[in-house]
Amino acid sequence: MKKKSEKHPFKVPENYFSDLERQIKSKVKDKGQDSKVISIKPALLKVAATVLLLLTISIVLYKKTNTDPIQIAGNSEVNEILKDIPDEAIIEYLTESNLEVEQLINFAASKNINETELEEKNEIEEEILKDYIDNYL
Amino acid sequence: MEEQLTKNNLTEIEFSVILTNYKERIYWHIRKMVIDHDDSDDITQDTFIKVYENLEKFKGDSDLFTWIYRIATNECLKFLRKKKRASIFSFSSLESELNNSLTSSVYVDGNEVEIKLQKALLKLPDKQRLIFNMKYFDNMSYEEISSITETSVGGLKASYHHAVKKIKKYISLPD
């Protein structure tokens, strides 16, 4: 056992310092080799994580746009198709569908449909509704 | 064929010289702070690995030994902070754990006065103990300690004075 100073009570095992030097050199050598082999890994992981994140965001957005009825209705291609369908059929579909009133109001607001138009629509709706009640109920 | 002296093997040669020259001083500096031999061994190894990894970044604006000493000091303080946090969950204190290492380790074999001094030192805050060790055991000047701990010379003098006062008070108490 070796004691460094008479002032403190600490000791080390026999040959400790020569073993310590050998151990540190060996660790440093291993570290150098490890870093050469795996140095590209963190960069690849970062790229893979970014691609995965972008892919996830794209899928979520795609699914959201394709399942939200309000978004579908806002689509210009859909507007073209709806032109050929009579208002009564659309109203009947909307009555039977489970769209919330709030969703319809939001959609109207997003399309800048003014109050006059809405009032006219209301009158038509009432007429159609009366007609519907008379004929089918 | 004569081996070419590249930047890489130059660092390795430098590192080998550093290790030979400073390993013992750095070990004893760490040992006096963390008490346990195995912990000191781990921290000494981590310190020199950091030295190797950052050797190219060493700008030479301070003495090489001061730079290595600063890395070792930071590693010690980091270790003690971690041990202090862990001791909260084991319902003990850092002081009692270090005291235990002092009294039960096979690598501690001092006389009564040396052990009592170490026990008194464990009652000091880590930074004060560090300053006392550097001044009393390592015979370092306040200027050297100042560049390692990045503390003003005035602050160090005050700290050392307080440490000595507390140690004298503890040592004068009966066992």
# chains A, B, ... in the order shown; residues from 1 in each chain; ligands from 1
call {"tool": "interface_residues", "arguments": {"of": "chain A", "to": "chain B", "cutoff": "6 Å", "atoms": "only C-alpha atoms", "output": "VMD selection string"}}
result
chain A and resid 8 to 12 24
call {"tool": "write_last_selection", "arguments": {"atoms": "all heavy atoms", "output": "PDB file, in the first residue's frame"}}
result
ATOM      1  N   HIS A   8      -2.534  13.452   5.366  1.00  0.00           N
ATOM      2  CA  HIS A   8      -3.874  12.846   5.301  1.00  0.00           C
ATOM      3  C   HIS A   8      -3.791  11.327   5.484  1.00  0.00           C
ATOM      4  O   HIS A   8      -2.740  10.723   5.287  1.00  0.00           O
ATOM      5  CB  HIS A   8      -4.589  13.229   3.999  1.00  0.00           C
ATOM      6  CG  HIS A   8      -3.965  12.677   2.764  1.00  0.00           C
ATOM      7  ND1 HIS A   8      -3.975  11.344   2.464  1.00  0.00           N
ATOM      8  CD2 HIS A   8      -3.314  13.279   1.741  1.00  0.00           C
ATOM      9  CE1 HIS A   8      -3.373  11.139   1.325  1.00  0.00           C
ATOM     10  NE2 HIS A   8      -2.943  12.299   0.855  1.00  0.00           N
ATOM     11  N   PRO A   9      -4.912  10.710   5.844  1.00  0.00           N
ATOM     12  CA  PRO A   9      -4.849   9.288   6.223  1.00  0.00           C
ATOM     13  C   PRO A   9      -5.134   8.303   5.069  1.00  0.00           C
ATOM     14  O   PRO A   9      -5.351   7.121   5.333  1.00  0.00           O
ATOM     15  CB  PRO A   9      -5.965   9.213   7.275  1.00  0.00           C
ATOM     16  CG  PRO A   9      -6.975  10.219   6.821  1.00  0.00           C
ATOM     17  CD  PRO A   9      -6.234  11.295   6.102  1.00  0.00           C
ATOM     18  N   PHE A  10      -5.161   8.794   3.838  1.00  0.00           N
ATOM     19  CA  PHE A  10      -5.596   7.919   2.746  1.00  0.00           C
ATOM     20  C   PHE A  10      -4.466   7.105   2.123  1.00  0.00           C
ATOM     21  O   PHE A  10      -3.329   7.570   2.037  1.00  0.00           O
ATOM     22  CB  PHE A  10      -6.286   8.757   1.654  1.00  0.00           C
ATOM     23  CG  PHE A  10      -7.407   9.595   2.194  1.00  0.00           C
ATOM     24  CD1 PHE A  10      -7.356  10.986   2.138  1.00  0.00           C
ATOM     25  CD2 PHE A  10      -8.511   8.991   2.778  1.00  0.00           C
ATOM     26  CE1 PHE A  10      -8.381  11.762   2.649  1.00  0.00           C
ATOM     27  CE2 PHE A  10      -9.541   9.758   3.290  1.00  0.00           C
ATOM     28  CZ  PHE A  10      -9.481  11.156   3.226  1.00  0.00           C
ATOM     29  N   LYS A  11      -4.838   5.922   1.656  1.00  0.00           N
ATOM     30  CA  LYS A  11      -3.868   5.039   0.989  1.00  0.00           C
ATOM     31  C   LYS A  11      -4.497   4.495  -0.288  1.00  0.00           C
ATOM     32  O   LYS A  11      -5.714   4.595  -0.484  1.00  0.00           O
ATOM     33  CB  LYS A  11      -3.568   3.842   1.896  1.00  0.00           C
ATOM     34  CG  LYS A  11      -2.848   4.191   3.171  1.00  0.00           C
ATOM     35  CD  LYS A  11      -2.529   2.957   3.967  1.00  0.00           C
ATOM     36  CE  LYS A  11      -3.789   2.199   4.368  1.00  0.00           C
ATOM     37  NZ  LYS A  11      -3.510   1.027   5.200  1.00  0.00           N
ATOM     38  N   VAL A  12      -3.663   3.898  -1.115  1.00  0.00           N
ATOM     39  CA  VAL A  12      -4.176   3.251  -2.343  1.00  0.00           C
ATOM     40  C   VAL A  12      -3.619   1.828  -2.415  1.00  0.00           C
ATOM     41  O   VAL A  12      -2.595   1.534  -1.795  1.00  0.00           O
ATOM     42  CB  VAL A  12      -3.761   4.030  -3.616  1.00  0.00           C
ATOM     43  CG1 VAL A  12      -4.499   5.331  -3.735  1.00  0.00           C
ATOM     44  CG2 VAL A  12      -2.258   4.246  -3.690  1.00  0.00           C
ATOM     45  N   ILE A  24      -6.662   3.879 -17.990  1.00  0.00           N
ATOM     46  CA  ILE A  24      -7.102   5.104 -18.682  1.00  0.00           C
ATOM     47  C   ILE A  24      -6.710   5.031 -20.162  1.00  0.00           C
ATOM     48  O   ILE A  24      -7.529   5.325 -21.041  1.00  0.00           O
ATOM     49  CB  ILE A  24      -6.528   6.373 -18.005  1.00  0.00           C
ATOM     50  CG1 ILE A  24      -7.117   6.542 -16.603  1.00  0.00           C
ATOM     51  CG2 ILE A  24      -6.845   7.620 -18.844  1.00  0.00           C
ATOM     52  CD1 ILE A  24      -6.474   7.626 -15.762  1.00  0.00           C
TER      53      ILE A  24
END
call {"tool": "residues_around", "arguments": {"residues": "B:Leu94", "least_positions_apart": "2", "cutoff": "10 Å", "atoms": "only C-alpha atoms", "output": "list in words"}}
result
Leu80, Arg81, Lys82, Lys83, Lys84, Arg85, Ala86, Ser87, Ile88, Ser92, Ser96, Glu97, Leu98, Asn99, Asn100, Leu122 and Lys123 of chain B
call {"tool": "atom_distance", "arguments": {"atom1": "atom CA of B:Ile68", "atom2": "atom CA of B:Ile30"}}
result
11.8 Å
call {"tool": "atom_distance", "arguments": {"atom1": "atom CA of B:Val34", "atom2": "atom CA of B:Phe79"}}
result
8.1 Å
call {"tool": "residues_around", "arguments": {"residues": "stretch 153-162 of chain B", "least_positions_apart": "5", "cutoff": "9 Å", "atoms": "only C-alpha atoms", "output": "list in words"}}
result
Lys127, Gln128, Arg129, Ile131, Phe132, Lys135, Tyr142, Glu143, Ile145, Ser146 and Ile167 of chain B
call {"tool": "write_last_selection", "arguments": {"atoms": "C-alpha atoms", "output": "PDB file, in the first residue's frame"}}
result
ATOM      1  CA  LYS B 127     -16.549  24.609  -1.723  1.00  0.00           C
ATOM      2  CA  GLN B 128     -14.950  25.581   1.608  1.00  0.00           C
ATOM      3  CA  ARG B 129     -13.527  22.062   2.012  1.00  0.00           C
ATOM      4  CA  ILE B 131     -10.390  25.575  -0.803  1.00  0.00           C
ATOM      5  CA  PHE B 132      -8.995  24.279   2.485  1.00  0.00           C
ATOM      6  CA  LYS B 135      -4.353  25.534   0.463  1.00  0.00           C
ATOM      7  CA  TYR B 142      -4.401  31.861  -3.569  1.00  0.00           C
ATOM      8  CA  GLU B 143      -3.739  32.980  -7.159  1.00  0.00           C
ATOM      9  CA  ILE B 145      -6.736  28.440  -6.407  1.00  0.00           C
ATOM     10  CA  SER B 146      -8.420  31.553  -7.811  1.00  0.00           C
ATOM     11  CA  ILE B 167     -12.031  23.165  12.153  1.00  0.00           C
TER      12      ILE B 167
END
call {"tool": "closest_residue", "arguments": {"among": "B:Thr11, B:Asn133, B:Ser93, B:Ser104", "to": "A:Lys7", "atoms": "only C-alpha atoms"}}
result
B:Asn133
call {"tool": "atom_distance", "arguments": {"atom1": "atom CA of B:Ala72", "atom2": "atom CA of B:Val51"}}
result
9.4 Å
call {"tool": "decode", "arguments": {"residues": "stretch 21-168 of chain B", "atoms": "C-alpha atoms", "output": "PDB file, in the first residue's frame"}}
result
ATOM      1  CA  ASN B  21       3.029  13.741 -14.739  1.00  0.00           C
ATOM      2  CA  TYR B  22      -0.347  14.502 -13.212  1.00  0.00           C
ATOM      3  CA  LYS B  23      -2.251  11.296 -12.425  1.00  0.00           C
ATOM      4  CA  GLU B  24      -1.122  11.088  -8.796  1.00  0.00           C
ATOM      5  CA  ARG B  25      -1.742  14.736  -7.917  1.00  0.00           C
ATOM      6  CA  ILE B  26      -5.151  14.649  -9.543  1.00  0.00           C
ATOM      7  CA  TYR B  27      -6.075  11.392  -7.809  1.00  0.00           C
ATOM      8  CA  TRP B  28      -5.152  12.768  -4.364  1.00  0.00           C
ATOM      9  CA  HIS B  29      -7.062  15.971  -5.032  1.00  0.00           C
ATOM     10  CA  ILE B  30     -10.168  13.934  -5.894  1.00  0.00           C
ATOM     11  CA  ARG B  31      -9.643  11.447  -3.066  1.00  0.00           C
ATOM     12  CA  LYS B  32      -9.600  14.211  -0.425  1.00  0.00           C
ATOM     13  CA  MET B  33     -12.926  15.450  -1.734  1.00  0.00           C
ATOM     14  CA  VAL B  34     -14.851  12.170  -2.207  1.00  0.00           C
ATOM     15  CA  ILE B  35     -12.997  10.072   0.454  1.00  0.00           C
ATOM     16  CA  ASP B  36     -13.827   6.640  -1.011  1.00  0.00           C
ATOM     17  CA  HIS B  37     -11.057   5.020  -3.088  1.00  0.00           C
ATOM     18  CA  ASP B  38     -13.358   3.401  -5.696  1.00  0.00           C
ATOM     19  CA  ASP B  39     -15.253   6.650  -6.277  1.00  0.00           C
ATOM     20  CA  SER B  40     -11.948   8.519  -6.574  1.00  0.00           C
ATOM     21  CA  ASP B  41     -10.705   5.939  -9.071  1.00  0.00           C
ATOM     22  CA  ASP B  42     -13.825   6.379 -11.250  1.00  0.00           C
ATOM     23  CA  ILE B  43     -13.654  10.186 -11.127  1.00  0.00           C
ATOM     24  CA  THR B  44      -9.920  10.225 -11.891  1.00  0.00           C
ATOM     25  CA  GLN B  45     -10.508   8.050 -14.960  1.00  0.00           C
ATOM     26  CA  ASP B  46     -13.433  10.240 -16.121  1.00  0.00           C
ATOM     27  CA  THR B  47     -11.312  13.357 -15.596  1.00  0.00           C
ATOM     28  CA  PHE B  48      -8.451  12.089 -17.790  1.00  0.00           C
ATOM     29  CA  ILE B  49     -10.851  10.858 -20.478  1.00  0.00           C
ATOM     30  CA  LYS B  50     -12.299  14.387 -20.578  1.00  0.00           C
ATOM     31  CA  VAL B  51      -8.783  15.799 -20.749  1.00  0.00           C
ATOM     32  CA  TYR B  52      -8.015  13.531 -23.726  1.00  0.00           C
ATOM     33  CA  GLU B  53     -11.257  14.403 -25.512  1.00  0.00           C
ATOM     34  CA  ASN B  54     -10.705  18.139 -25.064  1.00  0.00           C
ATOM     35  CA  LEU B  55      -6.948  18.347 -25.416  1.00  0.00           C
ATOM     36  CA  GLU B  56      -7.223  19.936 -28.850  1.00  0.00           C
ATOM     37  CA  LYS B  57      -9.598  22.574 -27.439  1.00  0.00           C
ATOM     38  CA  PHE B  58      -7.130  23.570 -24.689  1.00  0.00           C
ATOM     39  CA  LYS B  59      -6.153  27.071 -25.738  1.00  0.00           C
ATOM     40  CA  GLY B  60      -3.165  27.471 -23.491  1.00  0.00           C
ATOM     41  CA  ASP B  61      -4.574  30.651 -21.914  1.00  0.00           C
ATOM     42  CA  SER B  62      -4.107  28.985 -18.520  1.00  0.00           C
ATOM     43  CA  ASP B  63      -1.534  26.597 -17.136  1.00  0.00           C
ATOM     44  CA  LEU B  64      -2.137  22.988 -18.282  1.00  0.00           C
ATOM     45  CA  PHE B  65      -2.209  21.708 -14.704  1.00  0.00           C
ATOM     46  CA  THR B  66      -4.698  24.432 -13.719  1.00  0.00           C
ATOM     47  CA  TRP B  67      -6.939  23.344 -16.607  1.00  0.00           C
ATOM     48  CA  ILE B  68      -6.780  19.650 -15.605  1.00  0.00           C
ATOM     49  CA  TYR B  69      -7.271  20.547 -11.929  1.00  0.00           C
ATOM     50  CA  ARG B  70     -10.372  22.559 -12.889  1.00  0.00           C
ATOM     51  CA  ILE B  71     -11.855  19.581 -14.788  1.00  0.00           C
ATOM     52  CA  ALA B  72     -11.157  17.308 -11.800  1.00  0.00           C
ATOM     53  CA  THR B  73     -12.697  19.836  -9.386  1.00  0.00           C
ATOM     54  CA  ASN B  74     -15.843  20.138 -11.481  1.00  0.00           C
ATOM     55  CA  GLU B  75     -16.134  16.348 -11.687  1.00  0.00           C
ATOM     56  CA  CYS B  76     -15.810  16.120  -7.880  1.00  0.00           C
ATOM     57  CA  LEU B  77     -18.433  18.775  -7.213  1.00  0.00           C
ATOM     58  CA  LYS B  78     -20.769  17.141  -9.751  1.00  0.00           C
ATOM     59  CA  PHE B  79     -20.297  13.764  -8.034  1.00  0.00           C
ATOM     60  CA  LEU B  80     -20.947  15.231  -4.568  1.00  0.00           C
ATOM     61  CA  ARG B  81     -24.114  17.008  -5.776  1.00  0.00           C
ATOM     62  CA  LYS B  82     -25.359  13.714  -7.218  1.00  0.00           C
ATOM     63  CA  LYS B  83     -24.515  11.837  -4.014  1.00  0.00           C
ATOM     64  CA  LYS B  84     -26.261  14.513  -1.949  1.00  0.00           C
ATOM     65  CA  ARG B  85     -29.444  14.121  -4.010  1.00  0.00           C
ATOM     66  CA  ALA B  86     -29.285  10.322  -3.701  1.00  0.00           C
ATOM     67  CA  SER B  87     -28.734  10.501   0.064  1.00  0.00           C
ATOM     68  CA  ILE B  88     -32.077  12.321   0.487  1.00  0.00           C
ATOM     69  CA  PHE B  89     -33.886   9.198  -0.752  1.00  0.00           C
ATOM     70  CA  SER B  90     -31.886   6.861   1.488  1.00  0.00           C
ATOM     71  CA  PHE B  91     -32.765   8.935   4.601  1.00  0.00           C
ATOM     72  CA  SER B  92     -29.108   9.637   5.365  1.00  0.00           C
ATOM     73  CA  SER B  93     -26.793  12.587   4.753  1.00  0.00           C
ATOM     74  CA  LEU B  94     -23.769  13.089   2.542  1.00  0.00           C
ATOM     75  CA  GLU B  95     -21.672  13.843   5.620  1.00  0.00           C
ATOM     76  CA  SER B  96     -22.615  10.554   7.306  1.00  0.00           C
ATOM     77  CA  GLU B  97     -21.932   8.587   4.092  1.00  0.00           C
ATOM     78  CA  LEU B  98     -18.492  10.172   3.677  1.00  0.00           C
ATOM     79  CA  ASN B  99     -17.828   9.653   7.397  1.00  0.00           C
ATOM     80  CA  ASN B 100     -18.695   5.998   6.942  1.00  0.00           C
ATOM     81  CA  SER B 101     -16.183   5.694   4.074  1.00  0.00           C
ATOM     82  CA  LEU B 102     -13.610   7.366   6.289  1.00  0.00           C
ATOM     83  CA  THR B 103     -14.017   4.951   9.180  1.00  0.00           C
ATOM     84  CA  SER B 104     -14.717   1.670   7.368  1.00  0.00           C
ATOM     85  CA  SER B 105     -12.424   1.722   4.305  1.00  0.00           C
ATOM     86  CA  VAL B 106      -9.337  -0.503   4.245  1.00  0.00           C
ATOM     87  CA  TYR B 107      -7.593   2.283   2.347  1.00  0.00           C
ATOM     88  CA  VAL B 108      -7.750   4.708   5.272  1.00  0.00           C
ATOM     89  CA  ASP B 109      -5.059   4.305   7.886  1.00  0.00           C
ATOM     90  CA  GLY B 110      -4.237   7.541   9.602  1.00  0.00           C
ATOM     91  CA  ASN B 111      -3.562   8.537  13.161  1.00  0.00           C
ATOM     92  CA  GLU B 112      -6.241   9.949  15.443  1.00  0.00           C
ATOM     93  CA  VAL B 113      -5.482  13.573  14.603  1.00  0.00           C
ATOM     94  CA  GLU B 114      -5.580  12.968  10.829  1.00  0.00           C
ATOM     95  CA  ILE B 115      -8.945  11.192  11.085  1.00  0.00           C
ATOM     96  CA  LYS B 116     -10.348  13.932  13.342  1.00  0.00           C
ATOM     97  CA  LEU B 117      -9.224  16.589  10.887  1.00  0.00           C
ATOM     98  CA  GLN B 118     -10.956  14.758   8.050  1.00  0.00           C
ATOM     99  CA  LYS B 119     -14.138  14.452  10.149  1.00  0.00           C
ATOM    100  CA  ALA B 120     -13.997  18.174  10.839  1.00  0.00           C
ATOM    101  CA  LEU B 121     -13.537  18.875   7.124  1.00  0.00           C
ATOM    102  CA  LEU B 122     -16.663  16.876   6.307  1.00  0.00           C
ATOM    103  CA  LYS B 123     -18.654  19.393   8.342  1.00  0.00           C
ATOM    104  CA  LEU B 124     -17.675  22.195   5.960  1.00  0.00           C
ATOM    105  CA  PRO B 125     -19.574  23.125   2.792  1.00  0.00           C
ATOM    106  CA  ASP B 126     -18.036  21.415  -0.289  1.00  0.00           C
ATOM    107  CA  LYS B 127     -16.549  24.609  -1.723  1.00  0.00           C
ATOM    108  CA  GLN B 128     -14.950  25.581   1.608  1.00  0.00           C
ATOM    109  CA  ARG B 129     -13.527  22.062   2.012  1.00  0.00           C
ATOM    110  CA  LEU B 130     -12.158  22.273  -1.526  1.00  0.00           C
ATOM    111  CA  ILE B 131     -10.390  25.575  -0.803  1.00  0.00           C
ATOM    112  CA  PHE B 132      -8.995  24.279   2.485  1.00  0.00           C
ATOM    113  CA  ASN B 133      -7.649  21.123   0.787  1.00  0.00           C
ATOM    114  CA  MET B 134      -5.939  23.090  -1.967  1.00  0.00           C
ATOM    115  CA  LYS B 135      -4.353  25.534   0.463  1.00  0.00           C
ATOM    116  CA  TYR B 136      -3.463  23.252   3.362  1.00  0.00           C
ATOM    117  CA  PHE B 137      -2.706  19.882   1.720  1.00  0.00           C
ATOM    118  CA  ASP B 138      -1.592  20.905  -1.778  1.00  0.00           C
ATOM    119  CA  ASN B 139       0.232  24.103  -0.715  1.00  0.00           C
ATOM    120  CA  MET B 140      -1.282  26.053  -3.599  1.00  0.00           C
ATOM    121  CA  SER B 141      -1.171  29.846  -3.736  1.00  0.00           C
ATOM    122  CA  TYR B 142      -4.401  31.861  -3.569  1.00  0.00           C
ATOM    123  CA  GLU B 143      -3.739  32.980  -7.159  1.00  0.00           C
ATOM    124  CA  GLU B 144      -3.593  29.377  -8.364  1.00  0.00           C
ATOM    125  CA  ILE B 145      -6.736  28.440  -6.407  1.00  0.00           C
ATOM    126  CA  SER B 146      -8.420  31.553  -7.811  1.00  0.00           C
ATOM    127  CA  SER B 147      -7.821  30.503 -11.414  1.00  0.00           C
ATOM    128  CA  ILE B 148      -9.085  26.970 -10.734  1.00  0.00           C
ATOM    129  CA  THR B 149     -12.199  27.874  -8.767  1.00  0.00           C
ATOM    130  CA  GLU B 150     -12.831  31.174 -10.597  1.00  0.00           C
ATOM    131  CA  THR B 151     -13.243  32.906  -7.218  1.00  0.00           C
ATOM    132  CA  SER B 152     -11.590  36.164  -6.169  1.00  0.00           C
ATOM    133  CA  VAL B 153      -8.467  35.990  -3.992  1.00  0.00           C
ATOM    134  CA  GLY B 154     -10.285  38.034  -1.297  1.00  0.00           C
ATOM    135  CA  GLY B 155     -13.176  35.571  -1.286  1.00  0.00           C
ATOM    136  CA  LEU B 156     -10.782  32.649  -1.021  1.00  0.00           C
ATOM    137  CA  LYS B 157      -8.939  34.201   1.915  1.00  0.00           C
ATOM    138  CA  ALA B 158     -12.208  34.752   3.752  1.00  0.00           C
ATOM    139  CA  SER B 159     -13.331  31.208   2.971  1.00  0.00           C
ATOM    140  CA  TYR B 160     -10.080  29.672   4.200  1.00  0.00           C
ATOM    141  CA  HIS B 161     -10.187  31.776   7.363  1.00  0.00           C
ATOM    142  CA  HIS B 162     -13.756  30.594   8.131  1.00  0.00           C
ATOM    143  CA  ALA B 163     -12.797  26.980   7.420  1.00  0.00           C
ATOM    144  CA  VAL B 164      -9.806  27.114   9.789  1.00  0.00           C
ATOM    145  CA  LYS B 165     -11.969  28.680  12.504  1.00  0.00           C
ATOM    146  CA  LYS B 166     -14.637  25.958  12.203  1.00  0.00           C
ATOM    147  CA  ILE B 167     -12.031  23.165  12.153  1.00  0.00           C
ATOM    148  CA  LYS B 168     -10.282  24.512  15.272  1.00  0.00           C
TER     149      LYS B 168
END
